[in-house]
Amino acid sequence: MADKKTFEPGAFRLLLKKAIGEHRTQAEFASETGISTEHISRMLNAVSANRPSKRTLSKIAGHASGGVTYPMLLDACGYN
């Protein structure tokens with residue numbers, strides 16, 4: 001039986017930080033993606049132990065910096 005991947009919060013947070021990039025704020029990224037600033041903050045600060053939805057990951061990937069891709073985000077969140 002193949003091992004099922006699990007949500008890796010630390011890996012996801014690193015990817016999210018990289019996706020936001022060094023030259024924009026969390027608020028700017030939130031505005032670009034349509035994700036609330038509060039939700040971005042919760043994901044970055046591990047306040048929520050829940051993995052983000054595929055829809056949220058798609059929004060992040062659509063505006064990501066640093067070479068962060070949708071498949072990378074899916075993998076970190078245990079969808080692959």
# chains A, B, ... in the order shown; residues from 1 in each chain; ligands from 1

call {"tool": "residues_around", "arguments": {"residues": "Ala19 (chain A)", "least_positions_apart": "3", "cutoff": "9 Å", "atoms": "only C-alpha atoms", "output": "list in words"}}
result
Leu14, Leu15, Leu16, Phe29, Ile60, Ala61, His63, Ala64, Ser65, Gly66, Gly67, Val68 and Thr69 of chain A

call {"tool": "write_last_selection", "arguments": {"atoms": "all heavy atoms", "output": "compact mmCIF listing (two decimals), in the first residue's frame"}}
result
# COMPACT_ATOMS: atom_id res chain seq x y z
N LEU A 14 6.90 27.97 4.24
CA LEU A 14 8.09 28.42 3.50
C LEU A 14 7.74 28.77 2.06
O LEU A 14 8.21 29.78 1.52
CB LEU A 14 9.18 27.36 3.55
CG LEU A 14 9.87 27.16 4.90
CD1 LEU A 14 10.83 25.97 4.84
CD2 LEU A 14 10.61 28.41 5.32
N LEU A 15 6.92 27.93 1.43
CA LEU A 15 6.50 28.22 0.05
C LEU A 15 5.67 29.48 -0.02
O LEU A 15 5.82 30.28 -0.96
CB LEU A 15 5.72 27.04 -0.52
CG LEU A 15 6.52 25.82 -0.92
CD1 LEU A 15 5.60 24.67 -1.31
CD2 LEU A 15 7.47 26.14 -2.07
N LEU A 16 4.78 29.68 0.95
CA LEU A 16 3.94 30.88 0.95
C LEU A 16 4.80 32.13 1.10
O LEU A 16 4.59 33.12 0.38
CB LEU A 16 2.89 30.79 2.06
CG LEU A 16 1.94 31.98 2.19
CD1 LEU A 16 1.22 32.28 0.87
CD2 LEU A 16 0.94 31.73 3.31
N PHE A 29 -0.10 41.17 -1.43
CA PHE A 29 -0.31 39.82 -1.94
C PHE A 29 -1.76 39.40 -1.74
O PHE A 29 -2.38 38.83 -2.64
CB PHE A 29 0.64 38.83 -1.24
CG PHE A 29 0.63 37.45 -1.83
CD1 PHE A 29 1.18 37.21 -3.08
CD2 PHE A 29 0.07 36.39 -1.14
CE1 PHE A 29 1.18 35.94 -3.63
CE2 PHE A 29 0.05 35.11 -1.68
CZ PHE A 29 0.62 34.89 -2.92
N ILE A 60 -2.95 31.43 -4.80
CA ILE A 60 -1.56 31.74 -4.42
C ILE A 60 -0.64 31.53 -5.60
O ILE A 60 0.18 32.39 -5.94
CB ILE A 60 -1.13 30.87 -3.22
CG1 ILE A 60 -1.90 31.28 -1.96
CG2 ILE A 60 0.39 30.96 -2.99
CD1 ILE A 60 -1.76 30.29 -0.80
N ALA A 61 -0.77 30.38 -6.26
CA ALA A 61 0.11 30.05 -7.39
C ALA A 61 -0.03 31.05 -8.53
O ALA A 61 0.95 31.37 -9.20
CB ALA A 61 -0.19 28.64 -7.88
N HIS A 63 -0.30 34.12 -8.45
CA HIS A 63 0.38 35.39 -8.19
C HIS A 63 1.71 35.20 -7.49
O HIS A 63 2.26 36.14 -6.91
CB HIS A 63 -0.54 36.29 -7.34
CG HIS A 63 -1.81 36.63 -8.04
ND1 HIS A 63 -1.91 37.68 -8.93
CD2 HIS A 63 -3.02 36.04 -8.03
CE1 HIS A 63 -3.14 37.72 -9.41
NE2 HIS A 63 -3.83 36.73 -8.88
N ALA A 64 2.24 33.98 -7.53
CA ALA A 64 3.44 33.63 -6.78
C ALA A 64 4.72 34.17 -7.40
O ALA A 64 4.86 34.21 -8.62
CB ALA A 64 3.55 32.12 -6.65
N SER A 65 5.63 34.55 -6.54
CA SER A 65 7.00 34.89 -6.93
C SER A 65 7.89 33.70 -6.64
O SER A 65 7.45 32.71 -6.06
CB SER A 65 7.49 36.09 -6.09
OG SER A 65 6.73 37.23 -6.34
N GLY A 66 9.15 33.82 -7.00
CA GLY A 66 10.15 32.85 -6.59
C GLY A 66 10.03 31.46 -7.16
O GLY A 66 10.57 30.51 -6.60
N GLY A 67 9.30 31.31 -8.25
CA GLY A 67 9.20 30.00 -8.88
C GLY A 67 8.26 29.03 -8.19
O GLY A 67 8.27 27.84 -8.49
N VAL A 68 7.45 29.52 -7.25
CA VAL A 68 6.50 28.65 -6.55
C VAL A 68 5.37 28.29 -7.51
O VAL A 68 4.77 29.17 -8.14
CB VAL A 68 5.95 29.33 -5.28
CG1 VAL A 68 4.87 28.49 -4.63
CG2 VAL A 68 7.08 29.61 -4.31
N THR A 69 5.08 27.01 -7.62
CA THR A 69 4.07 26.53 -8.56
C THR A 69 2.91 25.85 -7.83
O THR A 69 3.04 25.45 -6.67
CB THR A 69 4.68 25.52 -9.55
OG1 THR A 69 5.09 24.36 -8.81
CG2 THR A 69 5.85 26.12 -10.31

call {"tool": "atom_distance", "arguments": {"atom1": "CA of Phe12 (chain A)", "atom2": "CA of Asp75 (chain A)"}}
result
8.8 Å

call {"tool": "residues_around", "arguments": {"residues": "Glu38 (chain A)", "least_positions_apart": "4", "cutoff": "12 Å", "atoms": "only C-alpha atoms", "output": "PyMOL selection string"}}
result
chain A and resi 26-27+29-31+34+42-48

call {"tool": "atom_distance", "arguments": {"atom1": "CA of Arg13 (chain A)", "atom2": "CA of Pro52 (chain A)"}}
result
10.9 Å

call {"tool": "select_by_dssp", "arguments": {"residues": "chain A", "states": "helix (DSSP H, G or I)", "output": "MDAnalysis selection string"}}
result
chainID A and resid 9:20 26:33 37:44 54:62 70:76

call {"tool": "atom_distance", "arguments": {"atom1": "CA of Thr33 (chain A)", "atom2": "CA of Arg55 (chain A)"}}
result
10.8 Å

call {"tool": "closest_residue", "arguments": {"among": "A:Thr6, A:Arg24, A:Asn80, A:Tyr70", "to": "Thr56 (chain A)", "atoms": "only C-alpha atoms"}}
result
A:Tyr70

call {"tool": "decode", "arguments": {"residues": "region 49-70 of chain A", "atoms": "N, CA, C and O atoms", "output": "JSON list (two decimals), in the first residue's frame"}}
result
[["chain", "number", "residue", "atom", "x", "y", "z"],
["A", 49, "ALA", "N", -4.36, 24.96, 11.81],
["A", 49, "ALA", "CA", -3.70, 23.69, 11.50],
["A", 49, "ALA", "C", -4.31, 23.03, 10.27],
["A", 49, "ALA", "O", -3.87, 21.98, 9.86],
["A", 50, "ASN", "N", -5.33, 23.65, 9.72],
["A", 50, "ASN", "CA", -6.00, 23.08, 8.55],
["A", 50, "ASN", "C", -5.22, 23.41, 7.29],
["A", 50, "ASN", "O", -4.72, 24.51, 7.12],
["A", 51, "ARG", "N", -5.21, 22.44, 6.38],
["A", 51, "ARG", "CA", -4.53, 22.71, 5.12],
["A", 51, "ARG", "C", -5.42, 23.60, 4.26],
["A", 51, "ARG", "O", -6.65, 23.50, 4.28],
["A", 52, "PRO", "N", -4.80, 24.47, 3.47],
["A", 52, "PRO", "CA", -5.56, 25.34, 2.58],
["A", 52, "PRO", "C", -6.26, 24.52, 1.50],
["A", 52, "PRO", "O", -5.80, 23.44, 1.11],
["A", 53, "SER", "N", -7.36, 25.05, 1.01],
["A", 53, "SER", "CA", -8.09, 24.38, -0.07],
["A", 53, "SER", "C", -7.31, 24.48, -1.38],
["A", 53, "SER", "O", -6.43, 25.33, -1.54],
["A", 54, "LYS", "N", -7.67, 23.62, -2.32],
["A", 54, "LYS", "CA", -7.05, 23.69, -3.64],
["A", 54, "LYS", "C", -7.34, 25.03, -4.30],
["A", 54, "LYS", "O", -6.48, 25.56, -5.02],
["A", 55, "ARG", "N", -8.50, 25.57, -4.06],
["A", 55, "ARG", "CA", -8.85, 26.88, -4.64],
["A", 55, "ARG", "C", -7.92, 27.96, -4.10],
["A", 55, "ARG", "O", -7.43, 28.81, -4.86],
["A", 56, "THR", "N", -7.65, 27.94, -2.79],
["A", 56, "THR", "CA", -6.73, 28.91, -2.19],
["A", 56, "THR", "C", -5.33, 28.73, -2.76],
["A", 56, "THR", "O", -4.66, 29.71, -3.10],
["A", 57, "LEU", "N", -4.90, 27.49, -2.90],
["A", 57, "LEU", "CA", -3.57, 27.23, -3.47],
["A", 57, "LEU", "C", -3.47, 27.73, -4.90],
["A", 57, "LEU", "O", -2.44, 28.26, -5.31],
["A", 58, "SER", "N", -4.54, 27.58, -5.66],
["A", 58, "SER", "CA", -4.56, 28.07, -7.03],
["A", 58, "SER", "C", -4.41, 29.59, -7.08],
["A", 58, "SER", "O", -3.68, 30.13, -7.92],
["A", 59, "LYS", "N", -5.09, 30.27, -6.17],
["A", 59, "LYS", "CA", -4.97, 31.73, -6.10],
["A", 59, "LYS", "C", -3.55, 32.14, -5.74],
["A", 59, "LYS", "O", -3.01, 33.10, -6.32],
["A", 60, "ILE", "N", -2.95, 31.43, -4.80],
["A", 60, "ILE", "CA", -1.56, 31.74, -4.42],
["A", 60, "ILE", "C", -0.64, 31.53, -5.60],
["A", 60, "ILE", "O", 0.18, 32.39, -5.94],
["A", 61, "ALA", "N", -0.77, 30.38, -6.26],
["A", 61, "ALA", "CA", 0.11, 30.05, -7.39],
["A", 61, "ALA", "C", -0.03, 31.05, -8.53],
["A", 61, "ALA", "O", 0.95, 31.37, -9.20],
["A", 62, "GLY", "N", -1.24, 31.56, -8.73],
["A", 62, "GLY", "CA", -1.47, 32.49, -9.82],
["A", 62, "GLY", "C", -0.76, 33.82, -9.66],
["A", 62, "GLY", "O", -0.61, 34.57, -10.63],
["A", 63, "HIS", "N", -0.30, 34.12, -8.45],
["A", 63, "HIS", "CA", 0.38, 35.39, -8.19],
["A", 63, "HIS", "C", 1.71, 35.20, -7.49],
["A", 63, "HIS", "O", 2.26, 36.14, -6.91],
["A", 64, "ALA", "N", 2.24, 33.98, -7.53],
["A", 64, "ALA", "CA", 3.44, 33.63, -6.78],
["A", 64, "ALA", "C", 4.72, 34.17, -7.40],
["A", 64, "ALA", "O", 4.86, 34.21, -8.62],
["A", 65, "SER", "N", 5.63, 34.55, -6.54],
["A", 65, "SER", "CA", 7.00, 34.89, -6.93],
["A", 65, "SER", "C", 7.89, 33.70, -6.64],
["A", 65, "SER", "O", 7.45, 32.71, -6.06],
["A", 66, "GLY", "N", 9.15, 33.82, -7.00],
["A", 66, "GLY", "CA", 10.15, 32.85, -6.59],
["A", 66, "GLY", "C", 10.03, 31.46, -7.16],
["A", 66, "GLY", "O", 10.57, 30.51, -6.60],
["A", 67, "GLY", "N", 9.30, 31.31, -8.25],
["A", 67, "GLY", "CA", 9.20, 30.00, -8.88],
["A", 67, "GLY", "C", 8.26, 29.03, -8.19],
["A", 67, "GLY", "O", 8.27, 27.84, -8.49],
["A", 68, "VAL", "N", 7.45, 29.52, -7.25],
["A", 68, "VAL", "CA", 6.50, 28.65, -6.55],
["A", 68, "VAL", "C", 5.37, 28.29, -7.51],
["A", 68, "VAL", "O", 4.77, 29.17, -8.14],
["A", 69, "THR", "N", 5.08, 27.01, -7.62],
["A", 69, "THR", "CA", 4.07, 26.53, -8.56],
["A", 69, "THR", "C", 2.91, 25.85, -7.83],
["A", 69, "THR", "O", 3.04, 25.45, -6.67],
["A", 70, "TYR", "N", 1.82, 25.70, -8.54],
["A", 70, "TYR", "CA", 0.66, 25.01, -8.00],
["A", 70, "TYR", "C", 1.00, 23.58, -7.58],
["A", 70, "TYR", "O", 0.66, 23.17, -6.47]]
